[in-house]
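A.B. asks: Dropping the structure in here first, questions after.
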Amino acid sequence: MTAAHALASAPTDTRPRLEVDLTAVAANTEHLARAATKGLMAVVKADGFGHGAAAVARTALTHGANSLGVATLAEAVALREEGITAPVLCWLNPVASDWELALRHRIDVAVPGVAHLDAIAAVAACTGVPARVHLHADTGMARDGAPAPQWVGLAERARRLERGGSVRVVGAMGHLALAAGGPDLPGRAAFTRFHRLVRRTGLRPQVRHLAATAATLADPATHYELCRVGAGLVGIDPGGTTALRGAVRLTAPVVSVRDVRAGTGVGYGHTWTAPHRTRLALVPLGYGDGIPPAAVPGAEVLLAGRRLPLVGAVSMDGVVVDVGDAPVRAGDVAVVLGPGDHGEPTLAEWARWGRTLPHAVLTGLGGRAVRHVVTAPTLRSAR
Ligand SMILES: *Cc1c(COP(=O)(O)O)cnc(C)c1O
């Protein structure tokens with residue numbers, strides 16, 4: 001066989017494909033940057049909601065974001081190791097984290113209490129470089145951030161350490177529990193109280209930040225100097241006020257088709273039985289690839305130009321489609337999820353079918369699918 005022949009007959013890639021469209025991330029970022037009153041922080045935690053943290057970060061930074069946010073120090077360091085030099089804040093770390101690493105990489109740290117503050121300050125005092133901290137108040141989540149009775153103690157300790165030169169209080173932050181349901185009035189009021197108290201101690205944080213995607217899009221009173229947006233970058237508006245663009249497209253070729261008689265049980269536990277004779281197609285994506293098991297019955301894929309239902313239990317590696325009389329053949333490509341331009345199922349539909357959050361669908365995707373990244377046309381090398 002000649003080399004040319006070998007090339008011509010080389011099998012095309014038949015693996016499931018997860019396409020990440022950074023042009024959508026770019027457009028969403030521009031929309032969010034217009035909505036934000038002042039600064040925009042791109043939150044790229046959980047690998048950029050499954051889209052690739054560095055790719056989403058660079059795209060966002062060239063389309064209107066000024067800084068980056070992540071949950072953990074490890075995520076922040078990973079961005080630095082990708083060569084990204086923009087300001088990065090991380091907010092969810094144990095007291096005993098490697099703060100020396102944070103200082104070395106010039107990473108801002110949110111502190112939810114005096115223990116965190118003291119631990120960072122102690123390391124910073126040794127290095128001679130003040131730690132950049134954001135005082136993190138619990139403004140109604142009861143999840144993270146300092147509870148209200150500890151606000152005074154936290155602010156006073158921060159003031160003392162700032163005077164001593166081991167920390168610089170650059171930010172005051174809260175997070176809203178209820179913003180997806182309209183203005184979170186208790187959250188707003190709590191943040192106002194917190195910030196007033198911080199100022200009373202003599203601290204002057206440059207940035208106050210409270211809003212995530214929902215409040216960025218719907219509640220300007222929460223914007224202050226900075227909005228922190230994650231979900232919106234990848235097309236989710238938890239408040240449902242704004243149509244943003246989905247940035248992933250998941251496809252897979254049909255592995256096989258079979259004709260079955262009425263009464264044929266399908267999949268584990270025979271949770272579905274063919275009510276009449278029909279044709280079934282096997283699509284090689286299962287819960288191991290992020291397909292929510294709870295999505296069937298209900299879920300559909302786009303195949304042969306039609307919406308066709310998934311039937312039987314979702315397996316780890318595959319799902320079965322009842323194609324009926326649609327002219328489906330092995331090798332035809334099923335569109336499982338996409339922005340919806342061509343009638344394919346959207347992220348919002350998958351979240352509804354799976355009785356889960358669109359965020360959870362996105363962070364679960366991937367598995368065995370081959371990733372393809374479509375870069376944004378105006379993307380410069382953001383550092
Ligand atoms: C995830 C997160 C955000 C971003 O929220 P989205 O709703 O995804 O925009 C902002 N702040 C904190 C503290 C977060 O954990």
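Here's how to read the names in the structure tokens: chain A, B, ... by the order shown, residue numbers from 1 in each chain, ligand numbers from 1 in the order shown.
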Residues of chain A within 8 Å of ligand 1: nearest atom pair and distance (Å, one decimal) for each, counting only C-alpha atoms and all ligand atoms, sorted by chain and number, as CSV?

C.D. replies:
```
residue,atom,partner,partner_atom_place_in_ligand_line,distance
A:Val43,CA,ligand 1,4 (C),5.7
A:Lys45,CA,ligand 1,1 (C),7.0
A:Gly69,CA,ligand 1,10 (C),7.7
A:Val70,CA,ligand 1,1 (C),7.7
A:Ala71,CA,ligand 1,15 (O),6.4
A:Trp91,CA,ligand 1,13 (C),6.7
A:Gly174,CA,ligand 1,13 (C),7.4
A:His175,CA,ligand 1,13 (C),5.7
A:Leu210,CA,ligand 1,11 (N),7.5
A:Ala211,CA,ligand 1,10 (C),7.1
A:Ala212,CA,ligand 1,9 (O),4.1
A:Thr213,CA,ligand 1,9 (O),3.7
A:Ala214,CA,ligand 1,7 (O),6.2
A:Arg228,CA,ligand 1,10 (C),5.0
A:Val229,CA,ligand 1,9 (O),3.6
A:Gly230,CA,ligand 1,8 (O),3.6
A:Ala231,CA,ligand 1,8 (O),3.6
A:Gly232,CA,ligand 1,9 (O),5.8
A:Leu233,CA,ligand 1,9 (O),7.8
A:Ile236,CA,ligand 1,8 (O),8.0
A:Asp237,CA,ligand 1,7 (O),7.6
A:Pro238,CA,ligand 1,7 (O),6.6
A:His359,CA,ligand 1,8 (O),7.9
```

A.B. asks: Residues at most 9 Å from Glu30 of chain A, counting only C-alpha atoms, excluding those fewer than 2 positions away in the same chain, as a ChimeraX atom specification?

C.D. replies: /A:25-28,32-35,60,63-65

A.B. asks: Please produce a file of the residues just selected, as a compact mmCIF listing (two decimals), in the first residue's frame, where the atoms kept are N, CA and C atoms.

C.D. replies:
```
# COMPACT_ATOMS: atom_id res chain seq x y z
N VAL A 25 -17.94 32.45 23.96
CA VAL A 25 -17.42 33.00 25.23
C VAL A 25 -17.07 34.48 25.03
N ALA A 26 -16.49 34.81 23.88
CA ALA A 26 -16.13 36.20 23.60
C ALA A 26 -17.37 37.08 23.56
N ALA A 27 -18.40 36.63 22.86
CA ALA A 27 -19.63 37.42 22.74
C ALA A 27 -20.30 37.57 24.11
N ASN A 28 -20.34 36.49 24.88
CA ASN A 28 -20.95 36.58 26.21
C ASN A 28 -20.18 37.53 27.11
N LEU A 32 -21.54 40.87 29.00
CA LEU A 32 -21.43 41.04 30.46
C LEU A 32 -20.61 42.27 30.82
N ALA A 33 -19.58 42.55 30.03
CA ALA A 33 -18.75 43.73 30.30
C ALA A 33 -19.56 45.01 30.09
N ARG A 34 -20.46 44.99 29.11
CA ARG A 34 -21.33 46.16 28.91
C ARG A 34 -22.31 46.29 30.07
N ALA A 35 -22.79 45.16 30.58
CA ALA A 35 -23.75 45.19 31.68
C ALA A 35 -23.10 45.64 32.99
N ALA A 60 -11.81 35.69 27.66
CA ALA A 60 -12.52 36.71 28.44
C ALA A 60 -11.66 37.96 28.62
N HIS A 63 -11.80 40.21 25.74
CA HIS A 63 -13.12 40.68 25.33
C HIS A 63 -13.86 41.41 26.44
N GLY A 64 -13.11 41.96 27.38
CA GLY A 64 -13.77 42.85 28.34
C GLY A 64 -13.56 42.55 29.81
N ALA A 65 -13.03 41.37 30.14
CA ALA A 65 -12.75 41.09 31.55
C ALA A 65 -11.40 41.69 31.93
```

A.B. asks: Please give the complete set of residues from segment 70-121 of chain A that DSSP, run on the backbone, assigns to strand (DSSP E or B), formatted as a list in words.

C.D. replies: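 Residues of segment 70-121 of chain A classed as strand (DSSP E or B): Val70, Val88, Leu89, Cys90, Asp108, Val109, Ala110 and Val111 of chain A.
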
A.B. asks: Using only C-alpha atoms, can you tell me which of A:Tyr224, A:Trp151, A:Trp272, A:Trp99 comes closest to Val198 of chain A?

C.D. replies: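 So, comparing all the options, the nearest one is A:Trp151.
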
A.B. asks: Near segment 103-119 of chain A, within 9 Å and counting only C-alpha atoms, which residues show up once chain neighbours fewer than 3 positions away are dropped, as a PyMOL selection string?

C.D. replies: chain A and resi 73+76-77+80+85+87-97+99-100+122-124+127+129-138+144-147+150-151+153-155+157-158+161+167+170-173

A.B. asks: Can you list every residue in segment 168-237 of chain A that DSSP puts in alpha helix (DSSP H), as a list in words?

C.D. replies: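 Selection result, alpha helix (DSSP H) within segment 168-237 of chain A: Leu185, Pro186, Gly187, Arg188, Ala189, Ala190, Phe191, Thr192, Arg193, Phe194, His195, Arg196, Leu197, Val198, Arg199, Arg200, Thr213, Ala214, Ala215, Thr216, Leu217 and Ala218 of chain A.
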
A.B. asks: Which of these residues is nearest to Leu365 of chain A, using only C-alpha atoms: A:Gly312, A:Pro284, A:Gly290, A:Pro16?

C.D. replies: A:Gly290

A.B. asks: Have a look at atom CA of Arg199 of chain A and atom CA of Cys227 of chain A and let me know their distance in Å, one decimal.

C.D. replies: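 One can read the atom CA of Arg199 of chain A to atom CA of Cys227 of chain A distance as 20.4 Å.
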
A.B. asks: Do you have the atom CA of Ile291 of chain A-atom CA of Ala326 of chain A distance handy?

C.D. replies: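 About the pair atom CA of Ile291 of chain A and atom CA of Ala326 of chain A: they are 23.1 Å apart.
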